[in-house]
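For reference, the structure discussed in these notes is given below.
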Amino acid sequence: MYQNQMNNYGYYQNPYQANPYYQNQMQQCQQNQIPMMNTIQSNVQALSGRYVSDFSEITANDVPMDGKYALFAKNDMSEVHAKVWDGNGNINTIRFKAISDEKPINIPNSDSNAEIGQILRSVDDLKSTIDDLKTIVKGLNQKSTRSVKKDGDSE
Amino acid sequence: MINPVEFVKMMRSNPQQMMQSMMGNNEIMQNPIMNNAINMYQNGDTQGLEQLVNNVARQKGTSVEEMRKRLGL
């Protein structure tokens with residue numbers, strides 16, 4: 001049976017191909033499918049519009065007079081304009097601008113002020129420590145000069 | 001799409017019939033400008049119609065006078 005379905009070249013051959021009833025059914029199926037596909041295609045509404053490098057390129061003829069919006073996007077997608085004819089013969093425009101998802105780095109002022117205050121306090125502490133050390137060193141120097149003088153006097 | 005010259009001729013010969021046929025045309029009635037123009041025509045709003053035509057001409061980068069010349073009116 002399987003061998004009968006293989007033609008001389010070894011390809012599979014449809015066993016119903018030669019059947020006139022089957023061929024008739026296939027044709028009917030195909031004929032029914034074509035109008036269905038046409039109906040689907042006609043129901044799809046295409047958007048009017050195009051990409052532009054500058055919005056000044058858009059002319060009145062680019063906007064359809066059927067009351068539907070035409071969309072014009074900048075090449076870099078930074079801005080999109082939707083244009084439509086109104087009943088008074090004017091073209092109305094709605095502008096859409098891109099919003100970047102990247103969040104800017106913001107240092108809160110209150111935190112930075114607190115940090116600066118802390119640094120200033122530390123500097124003040126360091127200053128007072130240095131002053132203390134200076135007085136200690138001064139005192140030590142005075143002591144050592146006295147002792148040297150005393151030594152000198154004894155000689 | 002109707003030829004503008006033919007359109008003007010038809011409007012001159014029998015405007016009422018022209019209006020009736022336009023009102024029966026879905027495609028034309030979906031056009032907001034035509035819809036408004038027909039309403040204004042029916043209400044006798046000639047000033048509104050004139051303003052509408054001026055607006056369309058301005059948007060198209062032309063003037064009513066220029067359009068008249070082109071149509072040979």
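Lettering and numbering for the structure tokens are positional, with chains as A, B, ... in the shown order, residues counted from 1 in each chain, and ligands counted from 1 in the shown order.
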
Q.
Show me, as a ChimeraX atom specification, every residue of chain B with an atom at most 12 Å from chain A, counting only C-alpha atoms.
A. /B:26-40,47-62

Kindly save the residues from that selection, with N, CA, C and O atoms included, as a short mmCIF file (atom, residue, chain, number, x, y, z; two decimals), in the first residue's frame.
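Saved file again_29.cif follows:
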data_model
loop_
_atom_site.label_atom_id
_atom_site.label_comp_id
_atom_site.auth_asym_id
_atom_site.auth_seq_id
_atom_site.Cartn_x
_atom_site.Cartn_y
_atom_site.Cartn_z
N ASN B 26 -22.06 57.40 1.60
CA ASN B 26 -21.49 57.21 2.94
C ASN B 26 -20.09 57.79 3.05
O ASN B 26 -19.73 58.38 4.06
N GLU B 27 -19.31 57.56 1.99
CA GLU B 27 -17.91 58.01 2.01
C GLU B 27 -17.83 59.53 2.17
O GLU B 27 -17.02 60.04 2.93
N ILE B 28 -18.72 60.22 1.43
CA ILE B 28 -18.72 61.69 1.51
C ILE B 28 -19.21 62.14 2.87
O ILE B 28 -18.65 63.06 3.48
N MET B 29 -20.21 61.47 3.39
CA MET B 29 -20.79 61.90 4.67
C MET B 29 -19.86 61.61 5.85
O MET B 29 -20.03 62.17 6.92
N GLN B 30 -18.89 60.70 5.64
CA GLN B 30 -17.91 60.44 6.71
C GLN B 30 -16.86 61.56 6.77
O GLN B 30 -16.17 61.71 7.77
N ASN B 31 -16.74 62.30 5.68
CA ASN B 31 -15.80 63.41 5.63
C ASN B 31 -16.36 64.56 6.47
O ASN B 31 -17.42 65.11 6.15
N PRO B 32 -15.69 64.93 7.57
CA PRO B 32 -16.25 65.95 8.47
C PRO B 32 -16.45 67.30 7.79
O PRO B 32 -17.38 68.04 8.13
N ILE B 33 -15.58 67.62 6.82
CA ILE B 33 -15.69 68.92 6.15
C ILE B 33 -16.95 68.95 5.28
O ILE B 33 -17.74 69.88 5.33
N MET B 34 -17.13 67.87 4.50
CA MET B 34 -18.30 67.80 3.62
C MET B 34 -19.59 67.77 4.43
O MET B 34 -20.59 68.40 4.08
N ASN B 35 -19.52 67.01 5.54
CA ASN B 35 -20.68 66.90 6.42
C ASN B 35 -21.10 68.28 6.93
O ASN B 35 -22.27 68.66 6.87
N ASN B 36 -20.10 69.02 7.39
CA ASN B 36 -20.36 70.36 7.92
C ASN B 36 -20.83 71.29 6.80
O ASN B 36 -21.75 72.09 6.99
N ALA B 37 -20.18 71.15 5.62
CA ALA B 37 -20.54 72.01 4.48
C ALA B 37 -21.99 71.78 4.06
O ALA B 37 -22.73 72.75 3.81
N ILE B 38 -22.40 70.51 4.02
CA ILE B 38 -23.79 70.21 3.62
C ILE B 38 -24.77 70.77 4.65
O ILE B 38 -25.79 71.36 4.29
N ASN B 39 -24.42 70.62 5.93
CA ASN B 39 -25.27 71.18 6.99
C ASN B 39 -25.41 72.68 6.84
O ASN B 39 -26.51 73.24 6.97
N MET B 40 -24.28 73.35 6.56
CA MET B 40 -24.30 74.81 6.43
C MET B 40 -25.11 75.22 5.20
O MET B 40 -25.85 76.19 5.24
N GLN B 47 -21.92 82.47 5.05
CA GLN B 47 -20.69 82.98 5.68
C GLN B 47 -19.83 81.83 6.20
O GLN B 47 -18.60 81.81 6.03
N GLY B 48 -20.50 80.88 6.83
CA GLY B 48 -19.80 79.70 7.36
C GLY B 48 -19.15 78.92 6.24
O GLY B 48 -18.00 78.46 6.36
N LEU B 49 -19.88 78.78 5.12
CA LEU B 49 -19.35 78.04 3.96
C LEU B 49 -18.12 78.74 3.40
O LEU B 49 -17.12 78.10 3.07
N GLU B 50 -18.20 80.08 3.33
CA GLU B 50 -17.09 80.86 2.80
C GLU B 50 -15.85 80.69 3.70
O GLU B 50 -14.74 80.49 3.21
N GLN B 51 -16.11 80.74 5.00
CA GLN B 51 -15.02 80.58 5.97
C GLN B 51 -14.39 79.19 5.83
O GLN B 51 -13.16 79.03 5.85
N LEU B 52 -15.25 78.19 5.67
CA LEU B 52 -14.76 76.80 5.52
C LEU B 52 -13.86 76.66 4.29
O LEU B 52 -12.76 76.10 4.37
N VAL B 53 -14.33 77.23 3.17
CA VAL B 53 -13.55 77.14 1.93
C VAL B 53 -12.22 77.87 2.08
O VAL B 53 -11.18 77.40 1.64
N ASN B 54 -12.28 79.04 2.74
CA ASN B 54 -11.04 79.80 2.99
C ASN B 54 -10.07 78.99 3.84
O ASN B 54 -8.86 78.99 3.57
N ASN B 55 -10.59 78.35 4.87
CA ASN B 55 -9.75 77.53 5.76
C ASN B 55 -9.07 76.39 4.99
O ASN B 55 -7.87 76.17 5.12
N VAL B 56 -9.87 75.68 4.19
CA VAL B 56 -9.31 74.56 3.42
C VAL B 56 -8.23 75.05 2.45
O VAL B 56 -7.15 74.47 2.36
N ALA B 57 -8.54 76.15 1.78
CA ALA B 57 -7.58 76.71 0.83
C ALA B 57 -6.28 77.09 1.53
O ALA B 57 -5.18 76.80 1.05
N ARG B 58 -6.41 77.74 2.70
CA ARG B 58 -5.22 78.16 3.46
C ARG B 58 -4.40 76.93 3.87
O ARG B 58 -3.18 76.93 3.75
N GLN B 59 -5.08 75.90 4.35
CA GLN B 59 -4.38 74.68 4.77
C GLN B 59 -3.64 74.02 3.60
O GLN B 59 -2.60 73.41 3.76
N LYS B 60 -4.25 74.14 2.42
CA LYS B 60 -3.64 73.53 1.23
C LYS B 60 -2.58 74.44 0.61
O LYS B 60 -2.04 74.14 -0.46
N GLY B 61 -2.34 75.57 1.23
CA GLY B 61 -1.31 76.48 0.75
C GLY B 61 -1.73 77.26 -0.48
O GLY B 61 -0.89 77.63 -1.31
N THR B 62 -3.03 77.51 -0.62
CA THR B 62 -3.51 78.27 -1.78
C THR B 62 -4.61 79.24 -1.30
O THR B 62 -4.81 79.41 -0.10
#

Q) Can you list, as a PyMOL selection string, every protein, DNA or RNA residue that comes within 7 Å of range 73-79 of chain A when you count only C-alpha atoms, leaving out same-chain residues fewer than 2 positions away? A) chain A and resi 50-54+71+81+96-98

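Take the candidates B:Asn25, B:Leu71, B:Lys9, B:Gln20 and check each one against Gln42 in chain B using only C-alpha atoms; the shortest distance goes to B:Gln20.
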
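Distances here use only C-alpha atoms; by that measure, the residue among A:Ser144, A:Val137, A:Gly49, A:Phe55 closest to Ala70 in chain A is A:Gly49.
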
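Note that CA of Lys138 in chain A and CA of Asp125 in chain A are 19.8 Å apart.
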